[in-house]
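Participant: Contents of work.tsv (TSV, N, CA and C atoms) are given next:
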```tsv
chain	number	residue	atom	x	y	z
A	1	MET	N	-62.84	47.91	136.99
A	1	MET	CA	-61.49	47.36	137.16
A	1	MET	C	-61.47	46.47	138.41
A	2	THR	N	-60.86	45.32	138.27
A	2	THR	CA	-60.71	44.44	139.43
A	2	THR	C	-59.49	44.85	140.23
A	3	THR	N	-59.50	44.54	141.50
A	3	THR	CA	-58.35	44.86	142.33
A	3	THR	C	-57.80	43.58	142.94
A	4	ASP	N	-56.51	43.51	143.02
A	4	ASP	CA	-55.79	42.38	143.59
A	4	ASP	C	-56.28	41.05	143.03
A	5	SER	N	-56.43	40.98	141.74
A	5	SER	CA	-56.80	39.74	141.09
A	5	SER	C	-55.54	39.10	140.51
A	6	TYR	N	-55.49	37.79	140.54
A	6	TYR	CA	-54.30	37.10	140.06
A	6	TYR	C	-54.65	35.67	139.69
A	7	ILE	N	-53.80	35.09	138.85
A	7	ILE	CA	-53.85	33.65	138.63
A	7	ILE	C	-52.78	33.06	139.53
A	8	PHE	N	-52.89	31.77	139.81
A	8	PHE	CA	-51.85	31.14	140.61
A	8	PHE	C	-51.62	29.71	140.15
A	9	ILE	N	-50.40	29.27	140.39
A	9	ILE	CA	-50.01	27.88	140.19
A	9	ILE	C	-49.30	27.48	141.47
A	10	ASN	N	-49.78	26.43	142.13
A	10	ASN	CA	-49.22	26.02	143.40
A	10	ASN	C	-48.61	24.62	143.33
A	11	GLY	N	-47.54	24.45	144.05
A	11	GLY	CA	-46.97	23.13	144.26
A	11	GLY	C	-46.35	22.48	143.04
A	12	VAL	N	-45.76	23.28	142.16
A	12	VAL	CA	-45.09	22.69	141.00
A	12	VAL	C	-43.75	22.12	141.48
A	13	ARG	N	-43.54	20.85	141.20
A	13	ARG	CA	-42.36	20.17	141.71
A	13	ARG	C	-41.31	19.98	140.60
A	14	PHE	N	-40.07	20.22	140.99
A	14	PHE	CA	-38.94	20.09	140.06
A	14	PHE	C	-37.79	19.38	140.75
A	15	HIS	N	-37.02	18.65	139.99
A	15	HIS	CA	-35.68	18.24	140.42
A	15	HIS	C	-34.75	19.16	139.64
A	16	ALA	N	-34.00	19.98	140.36
A	16	ALA	CA	-33.17	20.99	139.71
A	16	ALA	C	-31.82	21.07	140.40
A	17	TYR	N	-30.95	21.91	139.86
A	17	TYR	CA	-29.54	21.92	140.26
A	17	TYR	C	-29.12	23.28	140.79
A	18	HIS	N	-29.79	23.71	141.86
A	18	HIS	CA	-29.49	24.99	142.48
A	18	HIS	C	-28.85	24.75	143.84
A	19	GLY	N	-27.86	25.55	144.18
A	19	GLY	CA	-27.25	25.46	145.50
A	19	GLY	C	-25.86	26.04	145.51
A	20	VAL	N	-25.43	26.41	146.70
A	20	VAL	CA	-24.10	27.00	146.88
A	20	VAL	C	-23.02	25.91	146.83
A	21	MET	N	-23.33	24.75	147.38
A	21	MET	CA	-22.36	23.66	147.42
A	21	MET	C	-22.24	23.02	146.03
A	22	PRO	N	-21.02	22.74	145.58
A	22	PRO	CA	-20.83	22.17	144.24
A	22	PRO	C	-21.63	20.88	144.01
A	23	GLN	N	-21.73	20.01	145.02
A	23	GLN	CA	-22.46	18.76	144.82
A	23	GLN	C	-23.95	18.99	144.59
A	24	GLU	N	-24.49	20.12	145.07
A	24	GLU	CA	-25.90	20.42	144.84
A	24	GLU	C	-26.16	20.69	143.36
A	25	ARG	N	-25.16	21.24	142.68
A	25	ARG	CA	-25.32	21.51	141.26
A	25	ARG	C	-24.95	20.29	140.41
A	26	VAL	N	-24.51	19.21	141.06
A	26	VAL	CA	-24.22	17.96	140.36
A	26	VAL	C	-25.35	16.96	140.55
A	27	VAL	N	-25.73	16.70	141.81
A	27	VAL	CA	-26.77	15.69	142.08
A	27	VAL	C	-28.17	16.29	142.09
A	28	GLY	N	-28.27	17.59	142.33
A	28	GLY	CA	-29.56	18.25	142.33
A	28	GLY	C	-30.34	18.03	143.61
A	29	ALA	N	-31.51	18.60	143.64
A	29	ALA	CA	-32.40	18.50	144.79
A	29	ALA	C	-33.83	18.71	144.30
A	30	ASP	N	-34.77	18.44	145.17
A	30	ASP	CA	-36.18	18.65	144.85
A	30	ASP	C	-36.62	20.03	145.32
A	31	PHE	N	-37.41	20.69	144.48
A	31	PHE	CA	-37.89	22.04	144.75
A	31	PHE	C	-39.38	22.10	144.50
A	32	THR	N	-40.05	23.00	145.22
A	32	THR	CA	-41.47	23.27	145.00
A	32	THR	C	-41.63	24.76	144.73
A	33	VAL	N	-42.39	25.08	143.69
A	33	VAL	CA	-42.59	26.48	143.30
A	33	VAL	C	-44.07	26.81	143.36
A	34	ASP	N	-44.38	27.96	143.96
A	34	ASP	CA	-45.72	28.54	143.95
A	34	ASP	C	-45.59	29.92	143.33
A	35	VAL	N	-46.56	30.29	142.50
A	35	VAL	CA	-46.50	31.61	141.87
A	35	VAL	C	-47.90	32.20	141.77
A	36	LYS	N	-47.97	33.52	141.95
A	36	LYS	CA	-49.18	34.31	141.69
A	36	LYS	C	-48.78	35.39	140.69
A	37	VAL	N	-49.61	35.58	139.67
A	37	VAL	CA	-49.36	36.63	138.68
A	37	VAL	C	-50.58	37.53	138.66
A	38	GLY	N	-50.40	38.76	139.12
A	38	GLY	CA	-51.50	39.70	139.22
A	38	GLY	C	-51.72	40.47	137.94
A	39	TYR	N	-52.99	40.64	137.60
A	39	TYR	CA	-53.35	41.46	136.44
A	39	TYR	C	-54.81	41.87	136.55
A	40	ASP	N	-55.20	42.86	135.78
A	40	ASP	CA	-56.58	43.32	135.76
A	40	ASP	C	-57.41	42.34	134.94
A	41	MET	N	-58.29	41.62	135.58
A	41	MET	CA	-59.09	40.58	134.93
A	41	MET	C	-60.39	41.10	134.31
A	42	THR	N	-60.60	42.39	134.33
A	42	THR	CA	-61.88	42.94	133.87
A	42	THR	C	-62.25	42.46	132.47
A	43	GLN	N	-61.33	42.57	131.52
A	43	GLN	CA	-61.64	42.14	130.15
A	43	GLN	C	-61.92	40.64	130.08
A	44	ALA	N	-61.15	39.84	130.77
A	44	ALA	CA	-61.36	38.38	130.75
A	44	ALA	C	-62.71	38.01	131.36
A	45	ILE	N	-63.08	38.71	132.41
A	45	ILE	CA	-64.37	38.45	133.05
A	45	ILE	C	-65.51	38.74	132.08
A	46	ASP	N	-65.39	39.86	131.35
A	46	ASP	CA	-66.45	40.27	130.44
A	46	ASP	C	-66.47	39.47	129.13
A	47	SER	N	-65.29	39.10	128.63
A	47	SER	CA	-65.23	38.52	127.29
A	47	SER	C	-65.23	36.99	127.26
A	48	ASP	N	-64.78	36.34	128.32
A	48	ASP	CA	-64.61	34.88	128.33
A	48	ASP	C	-63.68	34.45	127.19
A	49	ASN	N	-62.62	35.24	126.97
A	49	ASN	CA	-61.71	35.00	125.86
A	49	ASN	C	-60.28	34.95	126.40
A	50	ILE	N	-59.55	33.88	126.06
A	50	ILE	CA	-58.19	33.69	126.57
A	50	ILE	C	-57.24	34.81	126.17
A	51	THR	N	-57.52	35.51	125.10
A	51	THR	CA	-56.63	36.61	124.70
A	51	THR	C	-56.67	37.77	125.69
A	52	HIS	N	-57.67	37.78	126.57
A	52	HIS	CA	-57.77	38.82	127.60
A	52	HIS	C	-57.32	38.32	128.97
A	53	ALA	N	-56.68	37.17	128.98
A	53	ALA	CA	-56.25	36.56	130.24
A	53	ALA	C	-54.78	36.19	130.16
A	54	ILE	N	-54.21	35.89	131.31
A	54	ILE	CA	-52.86	35.33	131.36
A	54	ILE	C	-53.02	33.81	131.37
A	55	ASN	N	-52.32	33.16	130.46
A	55	ASN	CA	-52.42	31.72	130.26
A	55	ASN	C	-51.54	30.98	131.27
A	56	TYR	N	-52.17	30.11	132.07
A	56	TYR	CA	-51.42	29.33	133.06
A	56	TYR	C	-50.29	28.54	132.42
A	57	ALA	N	-50.55	27.98	131.24
A	57	ALA	CA	-49.55	27.14	130.57
A	57	ALA	C	-48.31	27.96	130.22
A	58	GLN	N	-48.50	29.20	129.79
A	58	GLN	CA	-47.35	30.07	129.50
A	58	GLN	C	-46.54	30.33	130.75
A	59	VAL	N	-47.22	30.59	131.86
A	59	VAL	CA	-46.53	30.82	133.12
A	59	VAL	C	-45.76	29.57	133.53
A	60	ALA	N	-46.39	28.42	133.41
A	60	ALA	CA	-45.73	27.15	133.77
A	60	ALA	C	-44.49	26.92	132.91
A	61	ASP	N	-44.57	27.23	131.63
A	61	ASP	CA	-43.42	27.06	130.74
A	61	ASP	C	-42.26	27.96	131.16
A	62	ILE	N	-42.57	29.19	131.53
A	62	ILE	CA	-41.52	30.12	131.98
A	62	ILE	C	-40.86	29.60	133.25
A	63	ILE	N	-41.67	29.14	134.20
A	63	ILE	CA	-41.12	28.61	135.45
A	63	ILE	C	-40.21	27.43	135.15
A	64	ALA	N	-40.67	26.49	134.33
A	64	ALA	CA	-39.87	25.30	134.02
A	64	ALA	C	-38.56	25.67	133.35
A	65	ARG	N	-38.62	26.60	132.41
A	65	ARG	CA	-37.40	27.03	131.70
A	65	ARG	C	-36.38	27.62	132.67
A	66	GLU	N	-36.85	28.49	133.59
A	66	GLU	CA	-35.93	29.15	134.51
A	66	GLU	C	-35.41	28.18	135.59
A	67	MET	N	-36.24	27.25	136.02
A	67	MET	CA	-35.79	26.26	137.00
A	67	MET	C	-34.73	25.33	136.42
A	68	ALA	N	-34.69	25.19	135.11
A	68	ALA	CA	-33.72	24.30	134.46
A	68	ALA	C	-32.32	24.92	134.35
A	69	ILE	N	-32.19	26.21	134.68
A	69	ILE	CA	-30.90	26.89	134.61
A	69	ILE	C	-30.26	26.84	135.99
A	70	PRO	N	-29.16	26.08	136.19
A	70	PRO	CA	-28.54	25.98	137.52
A	70	PRO	C	-28.07	27.34	138.03
A	71	SER	N	-28.30	27.56	139.32
A	71	SER	CA	-27.88	28.79	139.98
A	71	SER	C	-27.44	28.47	141.40
A	72	GLN	N	-26.62	29.32	141.96
A	72	GLN	CA	-26.22	29.13	143.35
A	72	GLN	C	-27.34	29.53	144.31
A	73	LEU	N	-28.00	30.65	144.04
A	73	LEU	CA	-28.95	31.21	145.00
A	73	LEU	C	-30.38	31.12	144.50
A	74	LEU	N	-31.29	30.73	145.39
A	74	LEU	CA	-32.71	30.72	145.04
A	74	LEU	C	-33.22	32.13	144.81
A	75	GLU	N	-32.60	33.11	145.46
A	75	GLU	CA	-32.97	34.50	145.21
A	75	GLU	C	-32.79	34.85	143.74
A	76	HIS	N	-31.69	34.36	143.17
A	76	HIS	CA	-31.41	34.60	141.75
A	76	HIS	C	-32.43	33.91	140.86
A	77	VAL	N	-32.76	32.67	141.18
A	77	VAL	CA	-33.74	31.93	140.39
A	77	VAL	C	-35.10	32.62	140.46
A	78	ALA	N	-35.52	33.01	141.66
A	78	ALA	CA	-36.81	33.67	141.84
A	78	ALA	C	-36.85	35.00	141.10
A	79	GLY	N	-35.79	35.80	141.20
A	79	GLY	CA	-35.74	37.08	140.52
A	79	GLY	C	-35.75	36.94	139.02
A	80	ARG	N	-34.98	36.00	138.53
A	80	ARG	CA	-34.93	35.76	137.08
A	80	ARG	C	-36.29	35.31	136.56
A	81	THR	N	-36.95	34.44	137.31
A	81	THR	CA	-38.26	33.92	136.90
A	81	THR	C	-39.31	35.03	136.92
A	82	ALA	N	-39.34	35.81	137.98
A	82	ALA	CA	-40.31	36.91	138.07
A	82	ALA	C	-40.11	37.92	136.94
A	83	LYS	N	-38.86	38.27	136.66
A	83	LYS	CA	-38.57	39.21	135.58
A	83	LYS	C	-39.01	38.65	134.23
A	84	ALA	N	-38.78	37.36	134.01
A	84	ALA	CA	-39.17	36.73	132.74
A	84	ALA	C	-40.69	36.77	132.58
A	85	ILE	N	-41.41	36.50	133.65
A	85	ILE	CA	-42.88	36.54	133.58
A	85	ILE	C	-43.34	37.95	133.22
A	86	LEU	N	-42.79	38.97	133.89
A	86	LEU	CA	-43.19	40.35	133.61
A	86	LEU	C	-42.79	40.76	132.19
A	87	ASN	N	-41.63	40.31	131.73
A	87	ASN	CA	-41.16	40.67	130.38
A	87	ASN	C	-41.98	40.00	129.28
A	88	GLU	N	-42.38	38.77	129.51
A	88	GLU	CA	-43.03	37.99	128.46
A	88	GLU	C	-44.56	38.08	128.48
A	89	LEU	N	-45.12	38.56	129.58
A	89	LEU	CA	-46.57	38.66	129.70
A	89	LEU	C	-46.93	40.11	130.01
A	90	PRO	N	-47.18	40.90	128.99
A	90	PRO	CA	-47.40	42.34	129.16
A	90	PRO	C	-48.56	42.70	130.09
A	91	MET	N	-49.55	41.83	130.23
A	91	MET	CA	-50.67	42.12	131.14
A	91	MET	C	-50.29	41.99	132.61
A	92	ALA	N	-49.23	41.26	132.89
A	92	ALA	CA	-48.83	41.00	134.28
A	92	ALA	C	-48.43	42.30	134.97
A	93	GLN	N	-49.00	42.53	136.15
A	93	GLN	CA	-48.69	43.73	136.92
A	93	GLN	C	-47.73	43.43	138.07
A	94	TYR	N	-47.81	42.21	138.60
A	94	TYR	CA	-46.89	41.81	139.67
A	94	TYR	C	-46.77	40.29	139.69
A	95	VAL	N	-45.70	39.84	140.33
A	95	VAL	CA	-45.46	38.41	140.50
A	95	VAL	C	-45.06	38.16	141.94
A	96	TYR	N	-45.73	37.23	142.58
A	96	TYR	CA	-45.29	36.66	143.85
A	96	TYR	C	-44.77	35.28	143.50
A	97	ILE	N	-43.55	34.97	143.91
A	97	ILE	CA	-43.02	33.63	143.66
A	97	ILE	C	-42.36	33.11	144.93
A	98	SER	N	-42.63	31.86	145.22
A	98	SER	CA	-42.03	31.17	146.35
A	98	SER	C	-41.32	29.94	145.80
A	99	ILE	N	-40.05	29.80	146.15
A	99	ILE	CA	-39.29	28.61	145.76
A	99	ILE	C	-38.77	27.96	147.03
A	100	THR	N	-39.13	26.71	147.22
A	100	THR	CA	-38.73	25.95	148.40
A	100	THR	C	-37.80	24.83	147.99
A	101	LYS	N	-36.65	24.74	148.64
A	101	LYS	CA	-35.79	23.57	148.47
A	101	LYS	C	-36.25	22.56	149.51
A	102	ASP	N	-36.78	21.44	149.03
A	102	ASP	CA	-37.31	20.42	149.93
A	102	ASP	C	-36.16	19.71	150.64
A	103	ASN	N	-36.25	19.64	151.96
A	103	ASN	CA	-35.23	18.99	152.80
A	103	ASN	C	-33.80	19.37	152.39
A	104	PRO	N	-33.45	20.65	152.54
A	104	PRO	CA	-32.12	21.11	152.12
A	104	PRO	C	-31.01	20.51	152.99
A	105	PRO	N	-29.80	20.41	152.44
A	105	PRO	CA	-28.68	19.80	153.17
A	105	PRO	C	-28.07	20.76	154.19
A	106	MET	N	-28.74	20.92	155.33
A	106	MET	CA	-28.20	21.84	156.34
A	106	MET	C	-28.16	21.21	157.72
A	107	GLY	N	-28.13	19.87	157.76
A	107	GLY	CA	-27.92	19.18	159.02
A	107	GLY	C	-29.15	18.99	159.87
A	108	ILE	N	-30.32	19.34	159.39
A	108	ILE	CA	-31.57	19.08	160.11
A	108	ILE	C	-32.59	18.52	159.13
A	109	ASP	N	-33.54	17.80	159.66
A	109	ASP	CA	-34.62	17.28	158.82
A	109	ASP	C	-35.71	18.35	158.79
A	110	SER	N	-36.00	18.86	157.60
A	110	SER	CA	-37.03	19.89	157.48
A	110	SER	C	-37.85	19.65	156.23
A	111	MET	N	-39.00	20.25	156.17
A	111	MET	CA	-39.84	20.16	154.97
A	111	MET	C	-39.33	21.09	153.88
A	112	GLY	N	-38.50	22.06	154.25
A	112	GLY	CA	-37.94	22.91	153.23
A	112	GLY	C	-37.50	24.26	153.75
A	113	ALA	N	-36.71	24.91	152.93
A	113	ALA	CA	-36.27	26.29	153.17
A	113	ALA	C	-36.23	26.97	151.81
A	114	GLY	N	-36.49	28.27	151.79
A	114	GLY	CA	-36.50	28.91	150.49
A	114	GLY	C	-36.68	30.41	150.56
A	115	VAL	N	-37.21	30.93	149.45
A	115	VAL	CA	-37.39	32.37	149.32
A	115	VAL	C	-38.79	32.69	148.82
A	116	VAL	N	-39.25	33.87	149.18
A	116	VAL	CA	-40.48	34.44	148.65
A	116	VAL	C	-40.12	35.82	148.12
A	117	LEU	N	-40.55	36.09	146.88
A	117	LEU	CA	-40.21	37.35	146.25
A	117	LEU	C	-41.46	37.97	145.66
A	118	HIS	N	-41.60	39.28	145.80
A	118	HIS	CA	-42.70	40.02	145.21
A	118	HIS	C	-42.10	41.08	144.30
A	119	VAL	N	-42.39	41.01	143.00
A	119	VAL	CA	-41.85	41.95	142.04
A	119	VAL	C	-43.01	42.61	141.32
A	120	THR	N	-42.97	43.93	141.19
A	120	THR	CA	-44.03	44.65	140.49
A	120	THR	C	-43.46	45.30	139.25
A	121	ARG	N	-44.34	45.49	138.28
A	121	ARG	CA	-43.95	46.17	137.06
A	121	ARG	C	-43.77	47.65	137.37
A	122	ASN	N	-42.69	48.24	136.88
A	122	ASN	CA	-42.45	49.67	137.11
A	122	ASN	C	-43.14	50.51	136.09
```
If you convert what's in this file into structure tokens, what do you get?
Facilitator:
Amino acid sequence: MTTDSYIFINGVRFHAYHGVMPQERVVGADFTVDVKVGYDMTQAIDSDNITHAINYAQVADIIAREMAIPSQLLEHVAGRTAKAILNELPMAQYVYISITKDNPPMGIDSMGAGVVLHVTRN
């Protein structure tokens, strides 16, 4: 059995409509998403067969679908996305997700602000 093994997708960029301020849900903003999905890779290592692995494309589709649903809080988006990954990918044991709002409207110039969430399967 492998330990602490995961697939990851880094730096996925979206223009989405998340934010507390009404204009953020109208004009949108740019976001960057990073995700790690942990699972036991033992079978995939031995078999070289995608049916024993978590498919990056499936994870990317879930992220894109959830990012397209406007929300006030990034915490909500991250939680919804992590839950969807765990629900739709039975091999997934945990999800680390980071969502960054690039240069958020808070009166300072910054590279971003956001959330990091770690959710494990119960």
Participant: Expressed in Å to a single decimal, how great is the separation between atom CA of Ile69 of chain A and atom CA of Gln23 of chain A?
Facilitator: 15.5 Å
Participant: Residues at most 6.5 Å from Met91 of chain A, counting only N, CA and C atoms, excluding those fewer than 6 positions away in the same chain, as a ChimeraX atom specification?
Facilitator: /A:38-40
Participant: Just to confirm, what's the straight-line distance from atom N of Ala60 of chain A to atom CA of Gly112 of chain A in Å (one decimal)?
Facilitator: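 Separation between atom N of Ala60 of chain A and atom CA of Gly112 of chain A: 22.2 Å.
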Participant: By how many Å are atom CA of His118 of chain A and atom CA of Val95 of chain A apart?
Facilitator: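 Here the two named atoms are 5.7 Å from each other.
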Participant: Scan for residues within 9 Å of the point (-45.9, 20.2, 141.2) in the coordinates of the file, using only C-alpha atoms, and reply as a PyMOL selection string.
Facilitator: chain A and resi 9-14+31-34
Participant: May I ask which of the residues A:Gly28, A:Gly79, A:Pro22, A:Pro70 is the closest one to Thr120 of chain A, counting only C-alpha atoms?
Facilitator: A:Gly79
Participant: List the spatial neighbours of segment 43-51 of chain A as JSON, numbers by chain - criterion: any atom at most 12 Å away, only C-alpha atoms, same-chain residues fewer than 4 positions off excluded.
Facilitator: {"A": [1, 2, 5, 6, 7, 39, 55, 56, 57, 58, 89, 90, 91]}
Participant: If you count only N, CA and C atoms, which residues fall within 6.5 Å of Val77 of chain A, apart from same-chain ones fewer than 5 positions away, as a list in words?
Facilitator: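 Selected residues are Glu66, Ser71 and Ala82 of chain A.
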Participant: Among the residues of chain A, find those DSSP assigns to alpha helix (DSSP H) from the backbone and print them as number ranges by chain.
Facilitator: A: 24-27, 42-47, 56-67, 74-88
Participant: Counting only C-alpha atoms, which of A:Asp102, A:Asp4, A:Glu88, A:Asp61 gets nearest to Val115 of chain A?
Facilitator: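 Closest to Val115 of chain A of all the choices is A:Asp102.
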Participant: Going by DSSP on the backbone, which bits of chain A are strand (DSSP E)? Write them as an MDAnalysis selection string, please.
Facilitator: chainID A and resid 6:16 29:38 94:101 113:120
Participant: Residues proximal to (-33.5, 21.8, 149.5) were defined as those with any atom within 6 Å of that point in the file's coordinates, counting all atoms listed in the file. Which are they, as a list of chain:residue names?
Facilitator: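 Returned residue set, sorted by chain then number, is A:Ala29, A:Asp30, A:Thr100, A:Lys101, A:Asp102, A:Asn103, A:Pro104, A:Pro105, A:Gly112, A:Ala113.
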Participant: Centre and edge lengths, as lines of an AutoDock Vina configuration file, for the axis-aligned box enclosing every listed atom of segment 81-88 of chain A with 5 Å of padding on each of the six sides, in Å to one decimal?
Facilitator:
```
center_x = -40.8
center_y = 37.3
center_z = 133.3
size_x = 17.6
size_y = 16.8
size_z = 19.6
```
Participant: Tell me which of A:Met21, A:Leu117, A:Met41, A:Val59 sits closest to Glu75 of chain A, counting all atoms listed in the file.
Facilitator: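 Among A:Met21, A:Leu117, A:Met41, A:Val59, it is A:Leu117 that comes nearest to Glu75 of chain A.
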Participant: Give me the residues within 7 Å of Val20 of chain A as a ChimeraX atom specification, counting only N, CA and C atoms and dropping any in the same chain fewer than 5 places off.
Facilitator: /A:25,71-73
Participant: Can I get all heavy atoms for segment 88-97 of chain A, as a JSON list (two decimals), in the first residue's frame?
Facilitator:
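Written output follows (out-v9.json):
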```
[["chain", "number", "residue", "atom", "x", "y", "z"],
["A", 88, "GLU", "N", -18.02, 11.59, -6.24],
["A", 88, "GLU", "CA", -18.00, 11.06, -7.61],
["A", 88, "GLU", "C", -16.81, 10.15, -7.91],
["A", 88, "GLU", "O", -16.84, 9.43, -8.91],
["A", 88, "GLU", "CB", -18.03, 12.22, -8.61],
["A", 88, "GLU", "CG", -19.34, 13.00, -8.51],
["A", 88, "GLU", "CD", -19.38, 14.22, -9.41],
["A", 88, "GLU", "OE1", -18.85, 14.16, -10.53],
["A", 88, "GLU", "OE2", -19.96, 15.25, -8.97],
["A", 89, "LEU", "N", -15.80, 10.18, -7.06],
["A", 89, "LEU", "CA", -14.61, 9.36, -7.28],
["A", 89, "LEU", "C", -14.40, 8.47, -6.05],
["A", 89, "LEU", "O", -13.72, 8.87, -5.10],
["A", 89, "LEU", "CB", -13.39, 10.25, -7.54],
["A", 89, "LEU", "CG", -13.55, 11.23, -8.71],
["A", 89, "LEU", "CD1", -12.37, 12.18, -8.77],
["A", 89, "LEU", "CD2", -13.72, 10.48, -10.01],
["A", 90, "PRO", "N", -14.96, 7.29, -6.06],
["A", 90, "PRO", "CA", -14.93, 6.42, -4.88],
["A", 90, "PRO", "C", -13.53, 6.08, -4.37],
["A", 90, "PRO", "O", -13.37, 5.79, -3.18],
["A", 90, "PRO", "CB", -15.65, 5.14, -5.34],
["A", 90, "PRO", "CG", -16.44, 5.55, -6.53],
["A", 90, "PRO", "CD", -15.72, 6.69, -7.16],
["A", 91, "MET", "N", -12.52, 6.10, -5.23],
["A", 91, "MET", "CA", -11.15, 5.81, -4.77],
["A", 91, "MET", "C", -10.54, 6.95, -3.96],
["A", 91, "MET", "O", -9.59, 6.74, -3.22],
["A", 91, "MET", "CB", -10.24, 5.52, -5.97],
["A", 91, "MET", "CG", -10.42, 4.16, -6.57],
["A", 91, "MET", "SD", -9.13, 3.81, -7.78],
["A", 91, "MET", "CE", -9.81, 4.58, -9.21],
["A", 92, "ALA", "N", -11.08, 8.14, -4.12],
["A", 92, "ALA", "CA", -10.50, 9.32, -3.44],
["A", 92, "ALA", "C", -10.64, 9.18, -1.93],
["A", 92, "ALA", "O", -11.71, 8.88, -1.41],
["A", 92, "ALA", "CB", -11.19, 10.59, -3.92],
["A", 93, "GLN", "N", -9.52, 9.39, -1.24],
["A", 93, "GLN", "CA", -9.51, 9.31, 0.22],
["A", 93, "GLN", "C", -9.52, 10.69, 0.87],
["A", 93, "GLN", "O", -10.02, 10.87, 1.96],
["A", 93, "GLN", "CB", -8.30, 8.52, 0.69],
["A", 93, "GLN", "CG", -8.33, 7.08, 0.23],
["A", 93, "GLN", "CD", -7.01, 6.35, 0.45],
["A", 93, "GLN", "OE1", -5.98, 6.96, 0.73],
["A", 93, "GLN", "NE2", -7.05, 5.04, 0.30],
["A", 94, "TYR", "N", -8.92, 11.67, 0.18],
["A", 94, "TYR", "CA", -8.93, 13.04, 0.69],
["A", 94, "TYR", "C", -8.74, 14.01, -0.46],
["A", 94, "TYR", "O", -8.29, 13.64, -1.55],
["A", 94, "TYR", "CB", -7.86, 13.26, 1.77],
["A", 94, "TYR", "CG", -6.43, 13.15, 1.28],
["A", 94, "TYR", "CD1", -5.80, 14.24, 0.68],
["A", 94, "TYR", "CD2", -5.70, 11.98, 1.44],
["A", 94, "TYR", "CE1", -4.49, 14.14, 0.24],
["A", 94, "TYR", "CE2", -4.41, 11.88, 1.01],
["A", 94, "TYR", "CZ", -3.79, 12.97, 0.41],
["A", 94, "TYR", "OH", -2.50, 12.87, -0.03],
["A", 95, "VAL", "N", -9.12, 15.26, -0.19],
["A", 95, "VAL", "CA", -8.96, 16.33, -1.17],
["A", 95, "VAL", "C", -8.36, 17.54, -0.46],
["A", 95, "VAL", "O", -8.85, 17.94, 0.60],
["A", 95, "VAL", "CB", -10.31, 16.74, -1.81],
["A", 95, "VAL", "CG1", -10.14, 17.92, -2.74],
["A", 95, "VAL", "CG2", -10.96, 15.57, -2.52],
["A", 96, "TYR", "N", -7.29, 18.06, -1.01],
["A", 96, "TYR", "CA", -6.77, 19.38, -0.64],
["A", 96, "TYR", "C", -7.15, 20.29, -1.79],
["A", 96, "TYR", "O", -6.83, 19.98, -2.95],
["A", 96, "TYR", "CB", -5.25, 19.39, -0.53],
["A", 96, "TYR", "CG", -4.68, 18.96, 0.79],
["A", 96, "TYR", "CD1", -4.17, 17.69, 0.96],
["A", 96, "TYR", "CD2", -4.62, 19.85, 1.86],
["A", 96, "TYR", "CE1", -3.63, 17.28, 2.16],
["A", 96, "TYR", "CE2", -4.09, 19.46, 3.06],
["A", 96, "TYR", "CZ", -3.59, 18.18, 3.20],
["A", 96, "TYR", "OH", -3.05, 17.79, 4.40],
["A", 97, "ILE", "N", -7.80, 21.39, -1.50],
["A", 97, "ILE", "CA", -8.13, 22.35, -2.56],
["A", 97, "ILE", "C", -7.79, 23.75, -2.10],
["A", 97, "ILE", "O", -8.02, 24.11, -0.94],
["A", 97, "ILE", "CB", -9.61, 22.23, -2.99],
["A", 97, "ILE", "CG1", -9.90, 23.16, -4.17],
["A", 97, "ILE", "CG2", -10.55, 22.47, -1.83],
["A", 97, "ILE", "CD1", -11.21, 22.88, -4.87]]
```
